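Q: Following this line is final19.txt, made up of compact mmCIF, C-alpha atoms:
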# COMPACT_ATOMS: atom_id res chain seq x y z
CA MET I 176 0.00 0.00 0.00
CA LYS I 177 1.30 3.43 -0.94
CA VAL I 178 1.01 6.83 0.77
CA CYS I 179 2.03 10.31 -0.37
CA VAL I 180 4.04 12.56 1.95
CA THR I 181 4.71 16.21 1.08
CA SER I 182 8.44 16.76 1.37
CA GLU I 183 11.05 19.50 1.31
CA GLY I 184 13.55 17.16 -0.36
CA ASN I 185 13.67 14.14 -2.66
CA ASN I 186 14.29 11.31 -0.16
CA LEU I 187 12.91 9.66 2.96
CA ASP I 188 15.20 11.62 5.31
CA SER I 189 13.85 14.95 4.06
CA LYS I 190 11.59 17.09 6.24
CA VAL I 191 7.85 17.00 5.72
CA ASP I 192 6.80 20.11 3.79
CA PRO I 193 4.06 21.88 5.77
CA ARG I 194 2.23 22.87 2.56
CA PHE I 195 0.35 20.58 0.22
CA GLY I 196 -0.36 22.39 -3.06
CA ARG I 197 3.01 24.14 -3.23
CA CYS I 198 5.29 21.63 -1.48
CA GLN I 199 8.71 20.93 -3.04
CA TYR I 200 8.29 17.17 -3.59
CA PHE I 201 5.69 14.48 -3.23
CA ILE I 202 7.24 11.28 -1.89
CA ILE I 203 5.11 8.32 -2.94
CA ALA I 204 6.19 5.51 -0.60
CA ASP I 205 5.21 1.89 -0.08
CA ILE I 206 4.57 1.57 3.65
CA ASP I 207 5.84 -2.03 3.84
CA THR I 208 8.97 -1.98 1.69
CA LEU I 209 9.71 1.79 1.97
CA ALA I 210 10.38 1.77 -1.78
CA PHE I 211 9.58 5.29 -2.96
CA GLU I 212 9.27 7.65 -5.89
CA ALA I 213 10.04 11.40 -5.49
CA VAL I 214 7.83 13.55 -7.69
CA GLN I 215 8.94 17.15 -8.11
CA ASN I 216 5.89 19.39 -7.70
CA PRO I 217 5.15 21.19 -10.99
CA ASN I 218 2.60 23.50 -9.31
CA ILE I 219 4.92 25.49 -7.03
CA ASP I 220 4.72 28.67 -9.11
CA SER I 221 1.10 28.28 -10.18
CA MET I 222 -0.84 31.57 -10.23
CA GLY I 223 -3.78 29.93 -8.54
CA GLY I 224 -5.38 26.54 -8.07
CA ALA I 225 -2.11 24.85 -7.02
CA GLY I 226 -3.95 22.71 -4.45
CA ILE I 227 -6.44 21.48 -7.05
CA GLN I 228 -3.72 20.57 -9.53
CA SER I 229 -1.57 18.88 -6.90
CA GLY I 230 -4.65 17.00 -5.70
CA GLN I 231 -5.33 15.81 -9.21
CA LEU I 232 -1.69 14.75 -9.67
CA ILE I 233 -1.76 12.67 -6.48
CA ALA I 234 -5.17 11.21 -7.35
CA GLY I 235 -3.44 9.56 -10.32
CA LYS I 236 -0.79 7.89 -8.13
CA GLN I 237 -2.92 5.15 -6.52
CA VAL I 238 -2.16 6.24 -2.97
CA LYS I 239 -4.34 5.44 0.03
CA ALA I 240 -3.46 8.55 2.05
CA VAL I 241 -1.77 11.95 1.91
CA LEU I 242 0.33 12.99 4.91
CA THR I 243 1.11 16.71 5.12
CA GLY I 244 1.29 19.76 7.37
CA ASN I 245 -1.72 21.69 6.16
CA MET I 246 -4.31 21.48 3.42
CA GLY I 247 -6.75 24.03 2.02
CA PRO I 248 -10.38 23.48 1.03
CA ASN I 249 -9.94 22.99 -2.73
CA ALA I 250 -7.19 20.39 -2.45
CA PHE I 251 -9.17 18.65 0.29
CA GLN I 252 -12.26 18.46 -1.89
CA THR I 253 -10.24 17.10 -4.83
CA LEU I 254 -8.63 14.33 -2.74
CA GLN I 255 -11.97 13.49 -1.16
CA ALA I 256 -13.45 12.96 -4.62
CA ALA I 257 -10.58 10.53 -5.25
CA ASN I 258 -11.32 8.69 -1.96
CA ILE I 259 -7.87 9.49 -0.57
CA THR I 260 -7.52 9.87 3.19
CA VAL I 261 -5.91 13.13 4.32
CA VAL I 262 -3.85 13.50 7.48
CA THR I 263 -2.69 17.02 8.40
CA GLY I 264 -0.51 18.26 11.26
CA ILE I 265 2.44 16.07 10.22
CA SER I 266 6.03 17.20 10.86
CA GLY I 267 9.44 15.57 11.22
CA SER I 268 11.02 13.38 8.53
CA VAL I 269 9.18 11.68 5.69
CA LYS I 270 10.35 8.28 6.94
CA GLU I 271 8.97 8.91 10.45
CA ALA I 272 5.66 9.98 8.95
CA VAL I 273 5.38 6.80 6.87
CA GLU I 274 6.29 4.58 9.84
CA LYS I 275 3.83 6.29 12.16
CA TYR I 276 1.14 5.91 9.53
CA LYS I 277 1.93 2.20 9.28
CA ASN I 278 1.67 1.86 13.07
CA GLY I 279 -1.78 3.40 12.93
CA ASP I 280 -0.73 6.51 14.93
CA PHE I 281 -2.64 8.93 12.68
CA LYS I 282 -6.30 9.75 12.39
CA ALA I 283 -7.81 11.03 9.15
CA THR I 284 -8.46 14.76 9.05
CA GLN I 285 -12.13 15.56 8.53
CA GLY I 286 -11.78 18.94 6.82
CA PRO I 287 -9.30 21.48 5.45
CA SER I 288 -6.83 22.80 8.04
CA VAL I 289 -6.16 26.18 6.41
CA ASP I 290 -7.84 28.63 4.01
CA SER I 291 -7.12 28.90 0.29
CA LYS I 292 -3.83 30.66 -0.58
CA PHE I 293 -2.11 29.40 2.59
CA GLY I 294 0.94 28.16 0.70
CA MET I 295 1.32 31.16 -1.62
CA PRO I 296 4.88 32.51 -1.65
CA PRO I 297 5.24 35.86 0.14
CA GLN I 298 4.71 38.90 -2.12
CA LYS I 299 7.89 40.74 -3.05
CA MET K 217 -12.35 62.77 -21.32
CA ILE K 218 -11.60 59.95 -18.88
CA ILE K 219 -9.50 60.61 -15.77
CA ALA K 220 -8.60 57.64 -13.60
CA VAL K 221 -7.61 58.08 -9.97
CA ALA K 222 -5.30 55.31 -8.75
CA SER K 223 -2.64 54.96 -6.08
CA GLY K 224 -0.73 51.75 -5.60
CA LYS K 225 -1.01 51.89 -1.82
CA GLY K 226 -4.49 51.78 -0.36
CA GLY K 227 -5.82 54.46 1.95
CA THR K 228 -3.88 57.34 0.39
CA GLY K 229 -6.96 59.32 -0.63
CA LYS K 230 -8.11 58.09 -4.07
CA THR K 231 -11.77 58.44 -3.21
CA THR K 232 -11.20 61.82 -1.56
CA VAL K 233 -9.54 63.16 -4.71
CA ALA K 234 -12.04 61.52 -7.09
CA VAL K 235 -15.08 62.80 -5.19
CA ASN K 236 -13.74 66.33 -4.84
CA LEU K 237 -12.77 66.49 -8.52
CA ALA K 238 -16.24 65.29 -9.46
CA LEU K 239 -17.91 67.89 -7.26
CA SER K 240 -15.78 70.76 -8.59
CA ASN K 241 -17.03 70.57 -12.17
CA SER K 242 -20.54 70.87 -13.55
CA ASN K 243 -20.39 68.19 -16.24
CA THR K 244 -18.93 65.11 -14.55
CA GLN K 245 -19.67 61.45 -14.19
CA LEU K 246 -18.08 59.59 -11.30
CA SER K 247 -17.56 55.83 -11.75
CA ASP K 248 -16.48 53.99 -8.63
CA CYS K 249 -14.56 50.95 -9.95
CA ASP K 250 -13.34 49.85 -6.52
CA VAL K 251 -16.04 47.20 -6.66
CA GLU K 252 -14.71 45.20 -3.72
CA GLU K 253 -15.26 48.15 -1.41
CA PRO K 254 -17.07 50.98 -3.19
CA ASN K 255 -17.28 54.03 -0.95
CA ALA K 256 -17.62 57.12 -3.15
CA HIS K 257 -21.40 56.97 -2.67
CA ILE K 258 -20.93 57.74 1.03
CA PHE K 259 -19.69 61.22 0.05
CA ILE K 260 -21.82 61.76 -3.07
CA LYS K 261 -25.07 60.38 -1.61
CA PRO K 262 -26.58 59.81 -5.07
CA LYS K 263 -30.17 58.79 -5.76
CA ILE K 264 -29.82 55.32 -7.32
CA LYS K 265 -32.23 54.95 -10.26
CA ASN K 266 -31.20 51.70 -11.94
CA LYS K 267 -29.59 48.49 -10.86
CA GLU K 268 -28.18 45.79 -13.19
CA LEU K 269 -27.19 42.31 -12.03
CA ILE K 270 -23.86 41.20 -13.52
CA SER K 271 -23.02 37.55 -14.16
CA ILE K 272 -20.13 35.59 -15.59
CA PRO K 273 -20.51 32.30 -17.44
CA VAL K 274 -19.25 29.27 -15.49
CA PRO K 275 -19.30 25.66 -16.73
CA GLU K 276 -21.83 23.05 -15.76
CA VAL K 277 -21.30 19.40 -16.69
CA ASP K 278 -24.05 17.18 -18.07
CA LYS K 279 -23.11 13.94 -16.28
CA SER K 280 -25.04 11.81 -18.77
CA LYS K 281 -22.78 13.00 -21.63
CA CYS K 282 -19.44 13.31 -19.78
CA ASP K 283 -17.04 10.38 -20.19
CA GLY K 284 -14.42 11.82 -17.82
CA CYS K 285 -11.77 12.28 -20.53
CA GLY K 286 -10.22 15.26 -18.73
CA ARG K 287 -9.89 17.53 -21.77
CA CYS K 288 -11.67 20.38 -19.90
CA GLN K 289 -9.13 20.20 -17.10
CA GLU K 290 -6.21 20.25 -19.60
CA VAL K 291 -7.40 23.39 -21.36
CA CYS K 292 -8.40 25.36 -18.26
CA ALA K 293 -5.72 28.04 -17.85
CA TYR K 294 -6.94 28.97 -14.37
CA ASN K 295 -6.86 25.53 -12.68
CA ALA K 296 -10.59 25.79 -12.03
CA ILE K 297 -11.33 22.18 -13.04
CA ALA K 298 -10.08 18.87 -11.67
CA VAL K 299 -11.01 15.45 -13.05
CA VAL K 300 -10.54 12.58 -10.60
CA ASN K 301 -11.93 9.08 -11.02
CA LYS K 302 -13.64 10.37 -14.18
CA LYS K 303 -15.58 12.85 -12.06
CA VAL K 304 -15.36 16.53 -13.03
CA LEU K 305 -14.93 18.95 -10.12
CA ILE K 306 -15.52 22.62 -10.88
CA PHE K 307 -14.20 25.43 -8.67
CA PRO K 308 -16.26 28.42 -9.82
CA GLU K 309 -14.35 30.98 -7.74
CA LEU K 310 -11.25 30.31 -9.88
CA CYS K 311 -13.18 30.45 -13.18
CA HIS K 312 -12.59 33.47 -15.43
CA GLY K 313 -15.49 32.56 -17.70
CA CYS K 314 -13.27 32.13 -20.79
CA GLY K 315 -15.38 29.28 -22.23
CA SER K 316 -12.44 27.03 -23.28
CA CYS K 317 -13.73 23.97 -21.39
CA GLY K 318 -17.04 23.98 -23.23
CA TYR K 319 -15.42 24.75 -26.58
CA PHE K 320 -12.98 21.84 -26.37
CA CYS K 321 -15.27 19.25 -24.72
CA PRO K 322 -15.38 16.32 -27.22
CA GLN K 323 -18.71 15.11 -25.79
CA HIS K 324 -20.38 18.55 -25.77
CA ALA K 325 -21.13 17.83 -22.15
CA ILE K 326 -20.38 21.33 -20.85
CA LYS K 327 -22.80 24.19 -20.98
CA GLU K 328 -22.34 27.59 -19.45
CA ILE K 329 -24.60 28.82 -16.72
CA ASN K 330 -24.63 32.39 -15.50
CA LYS K 331 -23.26 32.98 -12.06
CA GLU K 332 -24.09 36.34 -10.55
CA ILE K 333 -20.99 38.11 -9.24
CA GLY K 334 -22.38 41.50 -8.33
CA SER K 335 -24.35 44.51 -9.48
CA VAL K 336 -23.95 47.90 -11.12
CA GLU K 337 -25.96 50.80 -9.70
CA ILE K 338 -26.60 53.99 -11.65
CA GLY K 339 -27.82 57.22 -10.18
CA LYS K 340 -27.28 60.94 -9.93
CA ARG K 341 -27.01 63.84 -7.59
CA ASP K 342 -28.01 67.17 -9.11
CA ASN K 343 -26.06 67.34 -12.36
CA LEU K 344 -23.50 64.73 -11.33
CA LEU K 345 -23.95 61.27 -12.82
CA PHE K 346 -22.88 58.41 -10.63
CA VAL K 347 -22.15 54.71 -11.33
CA HIS K 348 -20.60 52.08 -9.12
CA GLY K 349 -20.16 48.30 -8.97
CA LYS K 350 -20.73 46.11 -5.96
CA LEU K 351 -19.01 42.73 -5.99
CA ASN K 352 -20.86 40.04 -4.06
CA ILE K 353 -19.15 38.96 -0.86
CA GLY K 354 -16.92 35.92 -1.42
CA GLU K 355 -16.38 36.61 -5.15
CA ALA K 356 -12.76 36.90 -6.27
CA MET K 357 -13.14 37.93 -9.92
CA SER K 358 -13.73 41.67 -10.10
CA PRO K 359 -12.59 42.63 -13.67
CA PRO K 360 -15.85 41.53 -15.40
CA LEU K 361 -17.83 43.74 -13.00
CA ILE K 362 -15.41 46.66 -13.45
CA LYS K 363 -15.90 46.35 -17.23
CA ALA K 364 -19.67 46.47 -16.69
CA VAL K 365 -19.27 49.70 -14.68
CA LYS K 366 -17.09 51.20 -17.42
CA LYS K 367 -19.68 50.44 -20.12
CA HIS K 368 -21.59 53.38 -18.67
CA VAL K 369 -18.74 55.85 -19.29
CA ASN K 370 -20.33 58.82 -21.02
CA PRO K 371 -18.06 60.38 -23.68
CA ALA K 372 -19.93 63.69 -23.50
CA ARG K 373 -18.84 64.15 -19.91
CA VAL K 374 -15.72 64.50 -17.81
CA ASN K 375 -15.44 60.97 -16.46
CA ILE K 376 -13.71 60.42 -13.14
CA ILE K 377 -12.84 56.78 -12.41
CA ASP K 378 -12.13 55.84 -8.81
CA ALA K 379 -9.82 52.82 -9.17
CA PRO K 380 -9.11 50.10 -6.62
CA PRO K 381 -5.73 50.06 -4.82
CA GLY K 382 -2.82 47.90 -5.97
CA THR K 383 -1.31 47.27 -9.40
CA SER K 384 -2.98 44.01 -10.46
CA CYS K 385 -5.78 43.09 -12.91
CA PRO K 386 -8.59 45.09 -11.24
CA VAL K 387 -6.45 48.25 -11.41
CA ILE K 388 -5.40 47.66 -15.03
CA THR K 389 -9.05 47.02 -15.99
CA SER K 390 -10.10 50.25 -14.26
CA ILE K 391 -7.48 52.58 -15.71
CA GLU K 392 -6.96 51.24 -19.24
CA GLY K 393 -8.44 53.49 -21.89
CA SER K 394 -8.09 56.60 -19.68
CA ASP K 395 -6.77 59.88 -21.08
CA PHE K 396 -4.98 60.64 -17.85
CA CYS K 397 -4.28 58.97 -14.52
CA LEU K 398 -3.84 60.76 -11.21
CA LEU K 399 -1.74 58.84 -8.71
CA VAL K 400 -2.62 59.75 -5.15
CA THR K 401 0.18 59.04 -2.71
CA GLU K 402 1.40 59.98 0.75
CA PRO K 403 4.97 60.91 1.70
CA THR K 404 5.69 57.72 3.62
CA PRO K 405 7.96 54.75 2.77
CA PHE K 406 4.92 52.57 1.98
CA GLY K 407 3.32 55.31 -0.11
CA LEU K 408 6.51 55.78 -2.14
CA ASN K 409 7.16 52.05 -2.57
CA ASP K 410 3.72 51.50 -4.07
CA LEU K 411 3.81 54.75 -6.06
CA ILE K 412 6.92 53.46 -7.87
CA LEU K 413 5.07 50.24 -8.75
CA ALA K 414 2.06 52.20 -10.03
CA VAL K 415 4.34 54.41 -12.16
CA GLU K 416 5.79 51.30 -13.79
CA VAL K 417 2.26 50.14 -14.66
CA LEU K 418 1.29 53.51 -16.19
CA ARG K 419 4.47 53.67 -18.25
CA LYS K 420 3.69 50.21 -19.62
CA LEU K 421 0.12 51.22 -20.42
CA ASP K 422 1.38 54.50 -21.91
CA ILE K 423 -1.15 56.64 -20.05
CA PRO K 424 0.00 60.17 -19.08
CA PHE K 425 -0.03 60.70 -15.33
CA GLY K 426 0.69 63.06 -12.47
CA VAL K 427 0.85 62.82 -8.71
CA VAL K 428 -1.25 64.21 -5.87
CA ILE K 429 0.50 64.13 -2.50
CA ASN K 430 -2.03 63.75 0.28
CA ARG K 431 -1.16 64.53 3.92
CA SER K 432 1.74 66.34 2.25
CA ASP K 433 3.17 67.86 5.40
CA LEU K 434 3.78 64.49 7.06
CA GLY K 435 6.55 61.95 6.39
CA ASP K 436 9.69 62.78 4.46
CA LYS K 437 10.93 64.38 1.24
CA LYS K 438 11.67 61.15 -0.59
CA THR K 439 8.42 61.18 -2.60
CA ASP K 440 9.18 64.70 -3.86
CA ASP K 441 12.75 63.69 -4.69
CA TYR K 442 11.53 60.65 -6.62
CA CYS K 443 9.00 62.70 -8.61
CA SER K 444 11.56 65.34 -9.60
CA GLN K 445 14.14 62.70 -10.54
CA GLU K 446 11.58 60.94 -12.73
CA ASN K 447 10.10 64.16 -14.17
CA ILE K 448 6.68 63.36 -12.76
CA PRO K 449 4.54 66.45 -12.18
CA VAL K 450 3.21 66.92 -8.63
CA LEU K 451 -0.16 68.47 -9.44
CA MET K 452 -1.57 69.01 -5.97
CA ARG K 453 -0.72 68.79 -2.30
CA ILE K 454 -3.40 68.23 0.30
CA PRO K 455 -2.24 69.10 3.83
CA PHE K 456 -2.83 66.88 6.84
CA LYS K 457 -5.57 68.70 8.67
CA ARG K 458 -7.71 67.49 11.51
CA GLU K 459 -10.73 69.36 10.07
CA ILE K 460 -10.44 67.51 6.72
CA ALA K 461 -10.21 64.15 8.49
CA SER K 462 -13.12 65.06 10.72
CA ALA K 463 -15.37 66.03 7.76
CA TYR K 464 -14.28 62.83 5.97
CA SER K 465 -15.30 60.72 8.96
CA LYS K 466 -18.81 62.19 8.65
CA GLY K 467 -18.98 61.50 4.91
CA ILE K 468 -18.49 65.15 3.92
CA SER K 469 -16.17 65.99 1.02
CA ILE K 470 -13.43 68.61 1.31
CA VAL K 471 -15.09 71.04 -1.12
CA GLU K 472 -18.35 70.93 0.80
CA ALA K 473 -16.72 71.38 4.20
CA PHE K 474 -14.18 73.96 2.96
CA PRO K 475 -15.43 75.62 -0.26
CA GLU K 476 -12.12 77.51 -0.58
CA TYR K 477 -10.59 74.24 -1.85
CA LYS K 478 -12.96 74.14 -4.83
CA LYS K 479 -10.75 76.38 -6.95
CA ASP K 480 -7.76 74.12 -6.25
CA PHE K 481 -9.65 71.11 -7.58
CA GLN K 482 -10.91 73.11 -10.58
CA GLU K 483 -7.33 74.14 -11.31
CA LEU K 484 -6.24 70.50 -10.99
CA LEU K 485 -8.90 69.50 -13.51
CA ASP K 486 -7.80 72.27 -15.91
CA ASN K 487 -4.18 71.12 -15.66
CA ILE K 488 -5.18 67.54 -16.31
CA SER K 489 -7.22 68.54 -19.37
CA LYS K 490 -4.24 70.42 -20.79
CA MET K 491 -1.84 67.55 -20.18
CA ALA K 492 -4.25 65.01 -21.65
CA LYS K 493 -4.74 67.15 -24.77
CA GLN K 494 -1.00 67.65 -25.22
CA ASN K 495 -0.56 63.92 -25.05
CA ASN K 496 -3.30 63.28 -27.61
CA ARG K 497 -1.59 65.63 -30.05
CA ARG K 498 1.69 63.77 -29.59
Would you kindly transcribe this structure into structure tokens?
A:
Amino acid sequence: MKVCVTSEGNNLDSKVDPRFGRCQYFIIADIDTLAFEAVQNPNIDSMGGAGIQSGQLIAGKQVKAVLTGNMGPNAFQTLQAANITVVTGISGSVKEAVEKYKNGDFKATQGPSVDSKFGMPPQK
Amino acid sequence: MIIAVASGKGGTGKTTVAVNLALSNSNTQLSDCDVEEPNAHIFIKPKIKNKELISIPVPEVDKSKCDGCGRCQEVCAYNAIAVVNKKVLIFPELCHGCGSCGYFCPQHAIKEINKEIGSVEIGKRDNLLFVHGKLNIGEAMSPPLIKAVKKHVNPARVNIIDAPPGTSCPVITSIEGSDFCLLVTEPTPFGLNDLILAVEVLRKLDIPFGVVINRSDLGDKKTDDYCSQENIPVLMRIPFKREIASAYSKGISIVEAFPEYKKDFQELLDNISKMAKQNNRR
């Protein structure tokens, strides 16, 4: 079974990225073998709708759950339509997050944890 | 003639300048294009005669025809559509109403429905014509409503456009097509920072412009230095006066509270007319 963890880097030792739509990488990991794929997020500089596009990207990856720091309403709705469980409030390393998920330490989040535009880069 | 009043930074006095200009001339039309927070009516107190509801087209999917191919999502430039598990999700607040999704849908499963985003109200006070737009709460897409307000611009009149703050799409939509743009600023670091951004926009749009410095006796000299370096005319200075602020807080314009200012605003209008004409001859 695979889960997706938002990540600041491209491997299991990287820190969990607190944003969903505009995270640096999506780590798609098998919770039993820890085999993983690092997907660079193409939506980081999106003008708008980054959460929706990232949600759609992950919906195509056959994952059971998304583990991240925060998630806005549009991304949440997209993942819900794809029947993917969302867990927010995750920090630490990607590997820790996957292991804790495997141990059943996490509960699914029932709604978005932040408003739209949460992960927008600061204006210059 | 169309004169836009813009600023970059919010709260510098756009509405104050627009309202007082409008009240200092006998043949004006004031269009409040700050549709997210229109407030010129508080000072003008117009009698509203007509109201138009403004809508934008947003897609609706006929589920019996849709095969979930995802073409609509691919062509949407605004990320307003997601297709997951062959289900189409539409996020209307991101939709610009461009129509691409319906145009490209191979199954002809998308039709456009009108979504109301706000209203335009038209009225007058004495000889002053007044138009403003009111964006519905929660709507993010103001340019279509601003365009609807500007459709009422009356070429036979001196049109004053009260623009929203900032330098993004709503501002561009408000000021484009103007003969002249007044930039209202204040002599503070924030005022100057945003003035510089607004100047860049106007130079790109090739609209002649000048500056009004509000609360001109506060802050520092850097705004004046910038304007002289850049050859930008400072057309008016409005002092920081408790009496002006006090009248403002009661919804009373400067020229009504202190009629001696009327000639200053008339002179400002004359100067603008001259500069706009010079530019048109260029």
Q: For the interface of chain I with chain K (cut-off 12 Å, counting all atoms listed in the file), please tabulate each contacting residue of chain I alongside its nearest pair of atoms and their separation in Å to one decimal, rows sorted by chain and increasing number, as JSON lines.
A:
{"residue": "I:Asn218", "atom": "CA", "partner": "K:Asn295", "partner_atom": "CA", "distance": 10.2}
{"residue": "I:Ser221", "atom": "CA", "partner": "K:Asn295", "partner_atom": "CA", "distance": 8.8}
{"residue": "I:Met222", "atom": "CA", "partner": "K:Tyr294", "partner_atom": "CA", "distance": 7.8}
{"residue": "I:Gly223", "atom": "CA", "partner": "K:Tyr294", "partner_atom": "CA", "distance": 6.7}
{"residue": "I:Gly224", "atom": "CA", "partner": "K:Asn295", "partner_atom": "CA", "distance": 4.9}
{"residue": "I:Ala225", "atom": "CA", "partner": "K:Asn295", "partner_atom": "CA", "distance": 7.4}
{"residue": "I:Gly226", "atom": "CA", "partner": "K:Asn295", "partner_atom": "CA", "distance": 9.2}
{"residue": "I:Ile227", "atom": "CA", "partner": "K:Ala298", "partner_atom": "CA", "distance": 6.4}
{"residue": "I:Gln228", "atom": "CA", "partner": "K:Asn295", "partner_atom": "CA", "distance": 6.7}
{"residue": "I:Ser229", "atom": "CA", "partner": "K:Ala298", "partner_atom": "CA", "distance": 9.8}
{"residue": "I:Gly230", "atom": "CA", "partner": "K:Ala298", "partner_atom": "CA", "distance": 8.3}
{"residue": "I:Gln231", "atom": "CA", "partner": "K:Ala298", "partner_atom": "CA", "distance": 6.2}
{"residue": "I:Leu232", "atom": "CA", "partner": "K:Val300", "partner_atom": "CA", "distance": 9.2}
{"residue": "I:Ile233", "atom": "CA", "partner": "K:Val300", "partner_atom": "CA", "distance": 9.7}
{"residue": "I:Ala234", "atom": "CA", "partner": "K:Val300", "partner_atom": "CA", "distance": 6.4}
{"residue": "I:Gly235", "atom": "CA", "partner": "K:Val300", "partner_atom": "CA", "distance": 7.7}
{"residue": "I:Lys236", "atom": "CA", "partner": "K:Val300", "partner_atom": "CA", "distance": 11.1}
{"residue": "I:Gln237", "atom": "CA", "partner": "K:Asn301", "partner_atom": "CA", "distance": 10.8}
{"residue": "I:Pro248", "atom": "CA", "partner": "K:Phe307", "partner_atom": "CA", "distance": 10.6}
{"residue": "I:Asn249", "atom": "CA", "partner": "K:Phe307", "partner_atom": "CA", "distance": 7.7}
{"residue": "I:Ala250", "atom": "CA", "partner": "K:Ala298", "partner_atom": "CA", "distance": 9.8}
{"residue": "I:Phe251", "atom": "CA", "partner": "K:Leu305", "partner_atom": "CA", "distance": 11.9}
{"residue": "I:Gln252", "atom": "CA", "partner": "K:Leu305", "partner_atom": "CA", "distance": 8.7}
{"residue": "I:Thr253", "atom": "CA", "partner": "K:Ala298", "partner_atom": "CA", "distance": 7.1}
{"residue": "I:Leu254", "atom": "CA", "partner": "K:Val300", "partner_atom": "CA", "distance": 8.3}
{"residue": "I:Gln255", "atom": "CA", "partner": "K:Val300", "partner_atom": "CA", "distance": 9.6}
{"residue": "I:Ala256", "atom": "CA", "partner": "K:Val300", "partner_atom": "CA", "distance": 6.7}
{"residue": "I:Ala257", "atom": "CA", "partner": "K:Val300", "partner_atom": "CA", "distance": 5.7}
{"residue": "I:Asn258", "atom": "CA", "partner": "K:Asn301", "partner_atom": "CA", "distance": 9.1}
{"residue": "I:Ile259", "atom": "CA", "partner": "K:Val300", "partner_atom": "CA", "distance": 10.8}
{"residue": "I:Ser291", "atom": "CA", "partner": "K:Glu309", "partner_atom": "CA", "distance": 11.0}
{"residue": "I:Lys292", "atom": "CA", "partner": "K:Leu310", "partner_atom": "CA", "distance": 11.9}
{"residue": "I:Lys299", "atom": "CA", "partner": "K:Asn409", "partner_atom": "CA", "distance": 11.3}
Q: Using C-alpha atoms, can you export the residues from the last selection as a PDB file, keeping the file's coordinate frame?
A:
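Okay, result-v2.pdb is ready:
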ATOM      1  CA  ASN I 218       2.600  23.500  -9.310  1.00  0.00           C
ATOM      2  CA  SER I 221       1.100  28.280 -10.180  1.00  0.00           C
ATOM      3  CA  MET I 222      -0.840  31.570 -10.230  1.00  0.00           C
ATOM      4  CA  GLY I 223      -3.780  29.930  -8.540  1.00  0.00           C
ATOM      5  CA  GLY I 224      -5.380  26.540  -8.070  1.00  0.00           C
ATOM      6  CA  ALA I 225      -2.110  24.850  -7.020  1.00  0.00           C
ATOM      7  CA  GLY I 226      -3.950  22.710  -4.450  1.00  0.00           C
ATOM      8  CA  ILE I 227      -6.440  21.480  -7.050  1.00  0.00           C
ATOM      9  CA  GLN I 228      -3.720  20.570  -9.530  1.00  0.00           C
ATOM     10  CA  SER I 229      -1.570  18.880  -6.900  1.00  0.00           C
ATOM     11  CA  GLY I 230      -4.650  17.000  -5.700  1.00  0.00           C
ATOM     12  CA  GLN I 231      -5.330  15.810  -9.210  1.00  0.00           C
ATOM     13  CA  LEU I 232      -1.690  14.750  -9.670  1.00  0.00           C
ATOM     14  CA  ILE I 233      -1.760  12.670  -6.480  1.00  0.00           C
ATOM     15  CA  ALA I 234      -5.170  11.210  -7.350  1.00  0.00           C
ATOM     16  CA  GLY I 235      -3.440   9.560 -10.320  1.00  0.00           C
ATOM     17  CA  LYS I 236      -0.790   7.890  -8.130  1.00  0.00           C
ATOM     18  CA  GLN I 237      -2.920   5.150  -6.520  1.00  0.00           C
ATOM     19  CA  PRO I 248     -10.380  23.480   1.030  1.00  0.00           C
ATOM     20  CA  ASN I 249      -9.940  22.990  -2.730  1.00  0.00           C
ATOM     21  CA  ALA I 250      -7.190  20.390  -2.450  1.00  0.00           C
ATOM     22  CA  PHE I 251      -9.170  18.650   0.290  1.00  0.00           C
ATOM     23  CA  GLN I 252     -12.260  18.460  -1.890  1.00  0.00           C
ATOM     24  CA  THR I 253     -10.240  17.100  -4.830  1.00  0.00           C
ATOM     25  CA  LEU I 254      -8.630  14.330  -2.740  1.00  0.00           C
ATOM     26  CA  GLN I 255     -11.970  13.490  -1.160  1.00  0.00           C
ATOM     27  CA  ALA I 256     -13.450  12.960  -4.620  1.00  0.00           C
ATOM     28  CA  ALA I 257     -10.580  10.530  -5.250  1.00  0.00           C
ATOM     29  CA  ASN I 258     -11.320   8.690  -1.960  1.00  0.00           C
ATOM     30  CA  ILE I 259      -7.870   9.490  -0.570  1.00  0.00           C
ATOM     31  CA  SER I 291      -7.120  28.900   0.290  1.00  0.00           C
ATOM     32  CA  LYS I 292      -3.830  30.660  -0.580  1.00  0.00           C
ATOM     33  CA  LYS I 299       7.890  40.740  -3.050  1.00  0.00           C
TER      34      LYS I 299
END
Q: Could you state the separation of atom CA of K:Thr228 and atom CA of K:Gly407 in Å, given to one decimal place?
A: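 Taking atom CA of K:Thr228 as the start and atom CA of K:Gly407 as the end point, the length is 7.5 Å.
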Q: Measuring between only C-alpha atoms, which one of I:Val289, I:Gly264, I:Phe281, I:Val269 shows the shortest distance to I:Ile203?
A: I:Val269
Q: Can you sort out the box for stretch 285-290 of chain K, edges along x, y and z, all listed atoms in, 3 Å on every side, with centre and edge lengths in Å to one decimal, as AutoDock Vina command-line options?
A:
--center_x -9.0 --center_y 16.3 --center_z -19.4 --size_x 11.6 --size_y 14.1 --size_z 10.7
Q: Residues proximal to (9.0, 7.9, -2.6) were defined as those with any atom within 9 Å of that point in the file's coordinates, counting all atoms listed in the file. Which are they, as a count of residues only?
A: 17
Q: Using all atoms listed in the file, which of K:Ala473, K:Ile264, K:Cys385, K:Cys443 sits nearest K:Ile412?
A: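 Between K:Ala473, K:Ile264, K:Cys385, K:Cys443, the residue approaching K:Ile412 most closely is K:Cys443.
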Q: By how many Å are atom CA of K:Asn236 and atom CA of K:Phe481 apart?
A: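 Straight-line distance from atom CA of K:Asn236 to atom CA of K:Phe481 works out to 6.9 Å.
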